[in-house]
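Input: a single structure, listed below in structure tokens.
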Amino acid sequence: MKPALLVLFLGLCLISCKDNYRQAMYHVSPYDTLDIPKGTSAECIEKSKGYFKAYGCMVSSYYRVIDAKPMDVNNDVLTDTLVIVSPSSLNLDYPGFDYCGEDNRKLAVLLNVDGKRSRVGRVYDNVICNEVSRAWGGYDTFDKKADNMVLYHDAGQGCEFEYKIYTSLVQQEFYIDSIYYYSKCPGDGKPNGNEYTLTYEQRQPLEYYKRTLTDSIREVKGI
């Protein structure tokens, strides 16, 4: 083989090997991806290797989709999807993931692109409850009867506790209208339980909501 051809051949081989290495290191897909969080340990990445398709996106196997709600978020006639995802470290039914460390459950907006594919829109990582319970799951779900997005949380066995976060969609952004809290414990002398509704003079952007607000309300209002 002539020297010039040999150099060209070796160059093409190096490029091909480099591309294969890049594809092995990074997820390559025509679909947008809800990927594993940055800073996740190498051991956890190895354990949760792979992706699955959900609602027109690829989702890292690090997550589990625990609820979903169809909704046209950007007013383009296409049905988008709101999803609640939970990291493996907060899923008790995922054995062997205890070492993955703490990450937050997330509320993600998946925007329908063409009826087949979606792109990952806004991701809220400080909204969904991070409680872990074998009895009731510990996480928020969508109120399926509501037209707008309403996040619902129901916890407890002896004592009941629940809340609902009511939202409005304004120009593709979610705002909190009010939050309803309710609790009831046997023998507390309140047959109808405790109720409290947190209302706002002006709608609050959902992105500013902190899941720790629930603990503060329970402490202050005795719920």
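A note on labels: chains of the structure tokens are A, B, ... as shown, every chain counts residues from 1, and ligands are counted from 1 in their shown order.
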
Inset, instruction - Please give the complete set of residues from range 32-186 of chain A that DSSP, run on the backbone, assigns to helix (DSSP H, G or I), formatted as a PyMOL selection string. - result: chain A and resi 42-47+88-90+98-100

Could those residues be written to a file, using N, CA and C atoms, as a short mmCIF file (atom, residue, chain, number, x, y, z; two decimals), in the first residue's frame?
data_model
loop_
_atom_site.label_atom_id
_atom_site.label_comp_id
_atom_site.auth_asym_id
_atom_site.auth_seq_id
_atom_site.Cartn_x
_atom_site.Cartn_y
_atom_site.Cartn_z
N ALA A 42 -20.13 6.86 40.09
CA ALA A 42 -19.85 5.93 38.99
C ALA A 42 -20.53 4.59 39.24
N GLU A 43 -20.58 4.17 40.48
CA GLU A 43 -21.21 2.89 40.83
C GLU A 43 -22.70 2.92 40.51
N CYS A 44 -23.33 4.03 40.81
CA CYS A 44 -24.76 4.17 40.54
C CYS A 44 -25.02 4.25 39.04
N ILE A 45 -24.16 4.96 38.32
CA ILE A 45 -24.30 5.05 36.86
C ILE A 45 -24.21 3.67 36.24
N GLU A 46 -23.28 2.87 36.73
CA GLU A 46 -23.11 1.51 36.22
C GLU A 46 -24.35 0.67 36.50
N LYS A 47 -24.90 0.83 37.69
CA LYS A 47 -26.06 0.04 38.09
C LYS A 47 -27.31 0.42 37.30
N SER A 88 -33.83 6.31 41.63
CA SER A 88 -33.76 4.94 42.16
C SER A 88 -33.50 4.93 43.66
N SER A 89 -32.78 5.93 44.16
CA SER A 89 -32.44 5.96 45.58
C SER A 89 -33.66 6.20 46.47
N LEU A 90 -34.77 6.65 45.88
CA LEU A 90 -35.99 6.89 46.65
C LEU A 90 -37.08 5.86 46.32
N ASP A 98 -29.50 1.50 47.28
CA ASP A 98 -29.33 2.32 48.48
C ASP A 98 -28.10 3.22 48.39
N TYR A 99 -27.08 2.76 47.70
CA TYR A 99 -25.82 3.51 47.66
C TYR A 99 -25.86 4.68 46.69
N CYS A 100 -26.95 4.87 45.96
CA CYS A 100 -26.99 5.89 44.92
C CYS A 100 -27.05 7.31 45.46
#

Inset, instruction - Do a neighbour search on range 136-153 of chain A at 6 Å with only C-alpha atoms, toss out local chain neighbours closer than 3 positions, and write the hits as an NGL selection string. - result: :A and (128-129 or 131-133 or 162-167)

Go ahead and write the residues just picked, N, CA and C atoms, as a compact mmCIF listing (two decimals), in the first residue's frame.
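Result file is out.txt:
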# COMPACT_ATOMS: atom_id res chain seq x y z
N ILE A 128 -41.85 18.11 44.20
CA ILE A 128 -42.43 16.83 44.58
C ILE A 128 -41.84 16.33 45.89
N CYS A 129 -42.70 15.80 46.75
CA CYS A 129 -42.27 15.32 48.07
C CYS A 129 -41.26 14.19 47.94
N GLU A 131 -40.56 12.06 50.54
CA GLU A 131 -40.77 11.05 51.57
C GLU A 131 -40.70 9.65 50.98
N VAL A 132 -40.27 8.72 51.80
CA VAL A 132 -40.20 7.32 51.39
C VAL A 132 -41.00 6.49 52.39
N SER A 133 -41.98 5.74 51.91
CA SER A 133 -42.79 4.91 52.79
C SER A 133 -43.26 3.67 52.04
N GLU A 162 -53.07 15.05 54.21
CA GLU A 162 -53.09 15.24 52.76
C GLU A 162 -52.98 16.71 52.43
N TYR A 163 -52.52 16.97 51.23
CA TYR A 163 -52.56 18.34 50.72
C TYR A 163 -52.76 18.30 49.21
N LYS A 164 -53.27 19.41 48.69
CA LYS A 164 -53.45 19.58 47.25
C LYS A 164 -52.89 20.93 46.85
N ILE A 165 -52.05 20.92 45.84
CA ILE A 165 -51.47 22.16 45.30
C ILE A 165 -52.21 22.49 44.01
N TYR A 166 -53.01 23.55 44.04
CA TYR A 166 -53.80 23.95 42.88
C TYR A 166 -53.00 24.95 42.04
N THR A 167 -52.93 24.71 40.75
CA THR A 167 -52.13 25.57 39.88
C THR A 167 -52.95 26.07 38.69

Legend entry - Residue neighbourhood Gly121 in chain A, 9 Å, only C-alpha atoms, exclusion window fewer than 2 positions, as a PyMOL selection string: chain A and resi 108-111+118-119+123

Residues of the last selection are to be written out with N, CA, C and O atoms, as a compact mmCIF listing (two decimals), in the first residue's frame.
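Result file is result27.txt:
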# COMPACT_ATOMS: atom_id res chain seq x y z
N ALA A 108 -41.51 17.00 35.55
CA ALA A 108 -40.95 17.40 34.24
C ALA A 108 -42.07 17.62 33.24
O ALA A 108 -43.08 16.89 33.23
N VAL A 109 -41.87 18.63 32.39
CA VAL A 109 -42.82 18.93 31.32
C VAL A 109 -42.23 18.40 30.01
O VAL A 109 -41.16 18.85 29.58
N LEU A 110 -42.91 17.44 29.39
CA LEU A 110 -42.47 16.87 28.12
C LEU A 110 -43.35 17.44 27.02
O LEU A 110 -44.55 17.16 26.96
N LEU A 111 -42.76 18.26 26.16
CA LEU A 111 -43.50 18.97 25.13
C LEU A 111 -43.53 18.18 23.83
O LEU A 111 -42.48 17.85 23.26
N SER A 118 -41.02 14.01 21.79
CA SER A 118 -41.20 15.13 22.72
C SER A 118 -39.83 15.68 23.08
O SER A 118 -38.82 15.00 22.94
N ARG A 119 -39.82 16.90 23.54
CA ARG A 119 -38.59 17.47 24.09
C ARG A 119 -38.82 17.79 25.55
O ARG A 119 -39.94 18.10 25.99
N VAL A 123 -38.06 21.52 34.08
CA VAL A 123 -37.99 20.46 35.09
C VAL A 123 -37.95 21.11 36.46
O VAL A 123 -37.07 21.92 36.76

Inset, instruction - Give the answer as one residue: which of A:Val170, A:Gly187, A:Cys159, A:Asn130 has the shortest atom-to-atom distance to Asn74 in chain A, using only C-alpha atoms? - result: A:Val170
